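Note sheet for the following structure.
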Amino acid sequence: MTRTATGDAIHTTGFYWHERCFWHDPGAIGVFSSAGAFLQPQPASESPESKRRLKNLLEVSGLIDELVVVKPPPATREDLEYFHTGRYLDELEKGDLQGGGDGGDCAPYTAGSLAAAKQSAGLAIAAVEDVALGIRRRAYALCRPPGHHAESDRGRGFCLLGNIPVAIKRARALGQIGRVAVLDWDVHHGNGTQSAFYDDPDVFTLSIHQAGNYPLDTGAFEEQGEGAGLGCNLNAPMPPGCGIGAYRYAMSHLILPALTDFRPELIVVACGYDACAKDPLGKMLLNSGAFSEMTEQIRKLAEQVCDGRLVMVHEGGYSEGYAPLCGHAAIAALADSDTRVPDPQNAEIAAWGYQALQPHQRELIDAWSKSLATPA
């Protein structure tokens, strides 16, 4: 059921979560896509712990008391069909009844995972709807499993359902929002989100990610959209080893100007923390302060171009100890809160070598900014 805003709409930050999301189990595959004869079983990297610890940290710090906590219903089949094919959804349902399987490419799941995935998509749907309708000004959805790799007809890279594409396509179909920008700063390219809107001139997708990481077949700068959507897709495949200086320069000289020029009515951030220096699946050097800084930049830009309408949807981040600190820093910046927690390694990471912008990084980003396609 679609909700509508009232005259006294609550302009606060919502926090969308549900315990069901933590019950998704990809199986004992460690950092690999599947089990193997010589791979001793261990919990999957995409485990509930980094997300659960983030939620717990919000509780312990008291930041959660400054947020409006929302536990929305799971996505329905009708919701999911705004993006996914009926055949793929049938396959997921069949696999769920049989105890699990693989959604496509590196997207293993077990019995009960589909319920968690539907709940995860439901969080994104509610967050986007509430912000689009003015019920909340900003929102954070603690989604799990993640969604930015899932394509219309298959799952990929730990992702079973496309949380953000489902939420945006549904909101636009229902007339809740028009032009939307999606910024993905997960360390992996947001191929699923790109594919969902590649020919759509009203959805601008941007992905800043580690070059040559998963997936290997997408994420090049040259992929700038097609047809009416030409110029509405921007990839910034950053060289491995990029740190705070490179991300700061890319944000100020490429990402923020492109977002400003597009002038969306809503900004959605695919918020992964696997570009942090402690992540086992990425090779970037960000600290929690960098995620706070990027979130503050996007929050201020949203206030300038789209009346503050900003949604952050949780994606990757596999350091159980450090991702929660990054997430807390981002959510505090999203809520414009002074409630912070100390990060004992924030200054140490910032002092590591090669954190400053390197000449080859500057040259690459400058070249991208001069080579953007003009929207059709």
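Ligands are numbered from 1 in the order shown, residues from 1 within each chain, and chains are lettered A, B, ... in the order they appear in the structure tokens.
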So that I can check the surroundings of region 78-85 of chain A, please list as a PyMOL selection string every protein, DNA and RNA residue that reaches within 12 Å of it, counting only C-alpha atoms and ignoring chain neighbours fewer than 6 positions away. chain A and resi 1-2+91-92+117-122+124-126+147+150-155+160-174+192-193+195-197
For Arg299 (chain A), the closest of A:Arg138, A:Asp217, A:Asp366, A:Ser50 counting only C-alpha atoms is A:Arg138
- Query: What lies within 7 Å of region 60-67 of chain A using only C-alpha atoms, ignoring chain neighbours under 2 positions off, as a PyMOL selection string?
  - Reply: chain A and resi 13-15+56-58+69+339+341
Those selected residues, please, written with N, CA and C atoms and delivered as a short mmCIF file (atom, residue, chain, number, x, y, z; two decimals), in the first residue's frame.
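This went into again.cif:
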data_model
loop_
_atom_site.label_atom_id
_atom_site.label_comp_id
_atom_site.auth_asym_id
_atom_site.auth_seq_id
_atom_site.Cartn_x
_atom_site.Cartn_y
_atom_site.Cartn_z
N THR A 13 15.63 11.97 9.79
CA THR A 13 16.33 10.88 9.13
C THR A 13 15.76 9.55 9.61
N GLY A 14 15.34 8.73 8.67
CA GLY A 14 14.81 7.42 9.00
C GLY A 14 15.89 6.36 8.93
N PHE A 15 15.77 5.34 9.78
CA PHE A 15 16.67 4.19 9.76
C PHE A 15 15.82 2.95 9.56
N ASN A 56 24.18 -2.51 16.19
CA ASN A 56 24.48 -2.51 17.62
C ASN A 56 25.24 -1.25 18.02
N LEU A 57 26.16 -0.80 17.16
CA LEU A 57 26.93 0.40 17.47
C LEU A 57 26.03 1.63 17.51
N LEU A 58 25.06 1.68 16.63
CA LEU A 58 24.08 2.77 16.67
C LEU A 58 23.34 2.78 18.00
N VAL A 69 13.18 4.95 13.58
CA VAL A 69 13.38 3.55 13.23
C VAL A 69 12.11 3.01 12.56
N THR A 339 26.68 13.13 17.39
CA THR A 339 26.95 11.87 18.09
C THR A 339 27.93 11.05 17.27
N VAL A 341 31.49 8.28 17.40
CA VAL A 341 32.24 7.32 18.20
C VAL A 341 33.70 7.39 17.77
#
(message) Considering only C-alpha atoms, can you say which of A:Glu265, A:Leu254, A:Ala141, A:Gln224 comes closest to Asp202 (chain A)?
(response)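 Between A:Glu265, A:Leu254, A:Ala141, A:Gln224, the residue approaching Asp202 (chain A) most closely is A:Glu265.
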Residue neighbourhood Phe204 (chain A), 10 Å, only C-alpha atoms, exclusion window fewer than 4 positions, as a PDB file with N, CA and C atoms, in the first residue's frame:
ATOM      1  N   ARG A 179      13.119  12.497 -11.815  1.00  0.00           N
ATOM      2  CA  ARG A 179      14.550  12.326 -12.086  1.00  0.00           C
ATOM      3  C   ARG A 179      15.283  11.882 -10.813  1.00  0.00           C
ATOM      4  N   VAL A 180      16.078  10.832 -10.964  1.00  0.00           N
ATOM      5  CA  VAL A 180      16.803  10.246  -9.833  1.00  0.00           C
ATOM      6  C   VAL A 180      18.267  10.064 -10.218  1.00  0.00           C
ATOM      7  N   ALA A 181      19.158  10.321  -9.286  1.00  0.00           N
ATOM      8  CA  ALA A 181      20.577  10.022  -9.465  1.00  0.00           C
ATOM      9  C   ALA A 181      20.981   8.958  -8.457  1.00  0.00           C
ATOM     10  N   VAL A 182      21.775   7.989  -8.914  1.00  0.00           N
ATOM     11  CA  VAL A 182      22.281   6.923  -8.041  1.00  0.00           C
ATOM     12  C   VAL A 182      23.797   6.983  -8.036  1.00  0.00           C
ATOM     13  N   LEU A 183      24.374   7.264  -6.881  1.00  0.00           N
ATOM     14  CA  LEU A 183      25.826   7.262  -6.715  1.00  0.00           C
ATOM     15  C   LEU A 183      26.226   6.005  -5.957  1.00  0.00           C
ATOM     16  N   GLN A 194      23.514  -0.154 -13.140  1.00  0.00           N
ATOM     17  CA  GLN A 194      23.812   0.381 -14.468  1.00  0.00           C
ATOM     18  C   GLN A 194      22.906  -0.234 -15.521  1.00  0.00           C
ATOM     19  N   PHE A 197      19.175   0.998 -15.809  1.00  0.00           N
ATOM     20  CA  PHE A 197      18.827   2.340 -16.277  1.00  0.00           C
ATOM     21  C   PHE A 197      19.714   2.814 -17.430  1.00  0.00           C
ATOM     22  N   TYR A 198      20.356   1.895 -18.135  1.00  0.00           N
ATOM     23  CA  TYR A 198      21.386   2.258 -19.099  1.00  0.00           C
ATOM     24  C   TYR A 198      20.853   3.109 -20.256  1.00  0.00           C
ATOM     25  N   ASP A 199      19.581   2.963 -20.600  1.00  0.00           N
ATOM     26  CA  ASP A 199      19.003   3.753 -21.697  1.00  0.00           C
ATOM     27  C   ASP A 199      17.951   4.739 -21.203  1.00  0.00           C
ATOM     28  N   ASP A 200      17.993   5.044 -19.913  1.00  0.00           N
ATOM     29  CA  ASP A 200      16.990   5.911 -19.291  1.00  0.00           C
ATOM     30  C   ASP A 200      17.572   7.301 -19.055  1.00  0.00           C
ATOM     31  N   GLN A 224      28.863   4.742 -21.039  1.00  0.00           N
ATOM     32  CA  GLN A 224      28.233   6.009 -20.658  1.00  0.00           C
ATOM     33  C   GLN A 224      26.743   6.057 -20.983  1.00  0.00           C
ATOM     34  N   GLY A 225      26.133   4.886 -21.167  1.00  0.00           N
ATOM     35  CA  GLY A 225      24.722   4.851 -21.510  1.00  0.00           C
ATOM     36  C   GLY A 225      24.518   4.653 -22.987  1.00  0.00           C
ATOM     37  N   GLY A 229      19.570   7.359 -23.119  1.00  0.00           N
ATOM     38  CA  GLY A 229      20.319   7.441 -21.875  1.00  0.00           C
ATOM     39  C   GLY A 229      21.798   7.731 -22.045  1.00  0.00           C
ATOM     40  N   LEU A 230      22.239   8.018 -23.274  1.00  0.00           N
ATOM     41  CA  LEU A 230      23.647   8.331 -23.493  1.00  0.00           C
ATOM     42  C   LEU A 230      24.048   9.564 -22.679  1.00  0.00           C
ATOM     43  N   GLY A 231      25.118   9.433 -21.921  1.00  0.00           N
ATOM     44  CA  GLY A 231      25.577  10.526 -21.075  1.00  0.00           C
ATOM     45  C   GLY A 231      25.013  10.477 -19.669  1.00  0.00           C
ATOM     46  N   CYS A 232      24.162   9.496 -19.388  1.00  0.00           N
ATOM     47  CA  CYS A 232      23.536   9.384 -18.063  1.00  0.00           C
ATOM     48  C   CYS A 232      24.080   8.198 -17.277  1.00  0.00           C
ATOM     49  N   ASN A 233      25.263   7.740 -17.638  1.00  0.00           N
ATOM     50  CA  ASN A 233      25.958   6.719 -16.859  1.00  0.00           C
ATOM     51  C   ASN A 233      27.425   7.111 -16.786  1.00  0.00           C
ATOM     52  N   LEU A 234      27.953   7.187 -15.589  1.00  0.00           N
ATOM     53  CA  LEU A 234      29.334   7.605 -15.387  1.00  0.00           C
ATOM     54  C   LEU A 234      30.045   6.599 -14.497  1.00  0.00           C
ATOM     55  N   ALA A 258      29.000  16.508 -11.833  1.00  0.00           N
ATOM     56  CA  ALA A 258      28.073  15.764 -12.690  1.00  0.00           C
ATOM     57  C   ALA A 258      26.696  15.664 -12.054  1.00  0.00           C
ATOM     58  N   LEU A 259      26.657  15.423 -10.756  1.00  0.00           N
ATOM     59  CA  LEU A 259      25.368  15.369 -10.054  1.00  0.00           C
ATOM     60  C   LEU A 259      24.668  16.722 -10.091  1.00  0.00           C
ATOM     61  N   PHE A 262      23.069  17.392 -13.455  1.00  0.00           N
ATOM     62  CA  PHE A 262      21.894  16.569 -13.737  1.00  0.00           C
ATOM     63  C   PHE A 262      20.662  17.079 -13.010  1.00  0.00           C
ATOM     64  N   ARG A 263      20.824  17.661 -11.840  1.00  0.00           N
ATOM     65  CA  ARG A 263      19.747  18.218 -11.020  1.00  0.00           C
ATOM     66  C   ARG A 263      18.621  17.198 -10.803  1.00  0.00           C
ATOM     67  N   PRO A 264      18.919  16.145 -10.062  1.00  0.00           N
ATOM     68  CA  PRO A 264      17.895  15.138  -9.774  1.00  0.00           C
ATOM     69  C   PRO A 264      16.872  15.635  -8.766  1.00  0.00           C
ATOM     70  N   ILE A 267      18.393  11.781  -4.670  1.00  0.00           N
ATOM     71  CA  ILE A 267      19.684  11.122  -4.782  1.00  0.00           C
ATOM     72  C   ILE A 267      19.664   9.862  -3.932  1.00  0.00           C
ATOM     73  N   PRO A 375      24.577  14.308 -22.571  1.00  0.00           N
ATOM     74  CA  PRO A 375      23.283  13.601 -22.583  1.00  0.00           C
ATOM     75  C   PRO A 375      22.516  13.854 -23.865  1.00  0.00           C
TER      76      PRO A 375
END
Review point. Among region 47-277 of chain A, which residues carry a DSSP assignment of helix (DSSP H, G or I), reported as a PyMOL selection string?
Key: chain A and resi 49-61+63-66+77-80+86-97+113-132+163-173+191-197+227-229+244-262
Excluding Glu348 (chain A) and residues on its chain fewer than 4 positions from it, collect all residues at most 12 Å away from it, counting only C-alpha atoms, and give them as a PDB file with N, CA and C atoms, in the first residue's frame.
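As written to disk, selection-v4.pdb reads:
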ATOM      1  N   ALA A 277      40.156   0.649   4.214  1.00  0.00           N
ATOM      2  CA  ALA A 277      41.496   0.070   4.223  1.00  0.00           C
ATOM      3  C   ALA A 277      41.542  -1.320   4.848  1.00  0.00           C
ATOM      4  N   LEU A 285      42.024   2.492   0.304  1.00  0.00           N
ATOM      5  CA  LEU A 285      42.640   2.910   1.562  1.00  0.00           C
ATOM      6  C   LEU A 285      41.797   3.889   2.371  1.00  0.00           C
ATOM      7  N   LEU A 286      40.480   3.849   2.238  1.00  0.00           N
ATOM      8  CA  LEU A 286      39.673   4.835   2.943  1.00  0.00           C
ATOM      9  C   LEU A 286      39.546   4.507   4.428  1.00  0.00           C
ATOM     10  N   ASN A 287      39.375   5.557   5.230  1.00  0.00           N
ATOM     11  CA  ASN A 287      39.075   5.406   6.650  1.00  0.00           C
ATOM     12  C   ASN A 287      37.643   5.838   6.904  1.00  0.00           C
ATOM     13  N   SER A 288      37.202   5.742   8.154  1.00  0.00           N
ATOM     14  CA  SER A 288      35.814   6.111   8.460  1.00  0.00           C
ATOM     15  C   SER A 288      35.567   7.591   8.200  1.00  0.00           C
ATOM     16  N   GLY A 289      36.603   8.409   8.400  1.00  0.00           N
ATOM     17  CA  GLY A 289      36.447   9.836   8.153  1.00  0.00           C
ATOM     18  C   GLY A 289      36.138  10.148   6.706  1.00  0.00           C
ATOM     19  N   ASP A 343      37.204   6.410  16.414  1.00  0.00           N
ATOM     20  CA  ASP A 343      37.782   5.399  15.551  1.00  0.00           C
ATOM     21  C   ASP A 343      39.277   5.372  15.860  1.00  0.00           C
ATOM     22  N   PRO A 344      39.756   4.350  16.547  1.00  0.00           N
ATOM     23  CA  PRO A 344      41.158   4.341  16.975  1.00  0.00           C
ATOM     24  C   PRO A 344      42.161   4.252  15.835  1.00  0.00           C
ATOM     25  N   TRP A 352      48.951   6.753   6.449  1.00  0.00           N
ATOM     26  CA  TRP A 352      49.642   5.759   5.621  1.00  0.00           C
ATOM     27  C   TRP A 352      50.213   6.406   4.357  1.00  0.00           C
ATOM     28  N   GLY A 353      51.215   5.769   3.797  1.00  0.00           N
ATOM     29  CA  GLY A 353      51.765   6.243   2.540  1.00  0.00           C
ATOM     30  C   GLY A 353      50.765   6.156   1.408  1.00  0.00           C
ATOM     31  N   GLN A 355      48.363   8.094   0.646  1.00  0.00           N
ATOM     32  CA  GLN A 355      47.022   8.633   0.878  1.00  0.00           C
ATOM     33  C   GLN A 355      46.819   9.940   0.118  1.00  0.00           C
TER      34      GLN A 355
END
task: Mind the document's chain letters and residue numbers, and return as an NGL selection string the residues of region 61-307 of chain A that DSSP labels strand (DSSP E).
output: :A and (68-70 or 100-102 or 104-105 or 108-110 or 138-141 or 155-156 or 180-184 or 203-210 or 233-238 or 266-271)
| Suppose you want the space between CA of Arg309 (chain A) and CA of Leu266 (chain A); what is it in Å? |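 Value for the CA of Arg309 (chain A)-CA of Leu266 (chain A) distance: 5.2 Å.
Nearest-residue note for Thr374 (chain A): choosing from A:Ile135, A:Val70, A:Ile255, A:Ala228, the minimum distance belongs to A:Ala228, counting only C-alpha atoms.
With distances restricted to only C-alpha atoms, A:Asn191 is the closest residue to Glu223 (chain A) from A:Asn191, A:Pro201, A:Gly103, A:Leu334.
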My list of candidates is A:Phe32, A:Tyr249, A:Tyr88, A:Tyr322. Which is closest to Leu364 (chain A) when distances are computed with only C-alpha atoms?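 Residue with the minimum atom-to-atom distance to Leu364 (chain A): A:Tyr249.
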- Message: Need the shell around Gly112 (chain A): protein/DNA/RNA residues with any atom at most 9 Å away, counting only C-alpha atoms. Skip same-chain ones fewer than 3 positions apart. Format as a list in words?
- Response: Trp23, His24, Asp25, Asp96, Leu97, Gly99, Gly100, Tyr109, Ala115, Ala116 and Ala117 of chain A
Applying 7 Å and only C-alpha atoms, which residues near Pro146 (chain A) remain after dropping the ones on its own chain fewer than 4 positions away? List them as a ChimeraX atom specification.
/A:158-159,314-316
For Leu123 (chain A), which residue out of A:Pro257, A:Gly243, A:Pro74, A:Gly212 is the nearest one, using only C-alpha atoms?
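Comparing A:Pro257, A:Gly243, A:Pro74, A:Gly212 against Leu123 (chain A), the winner is A:Pro74.
Counting from CA of Arg52 (chain A), the distance to CA of Met312 (chain A) is 16.9 Å.
The interatomic distance for the pair CA of Gln297 (chain A) and CA of Pro48 (chain A) works out to 28.5 Å.
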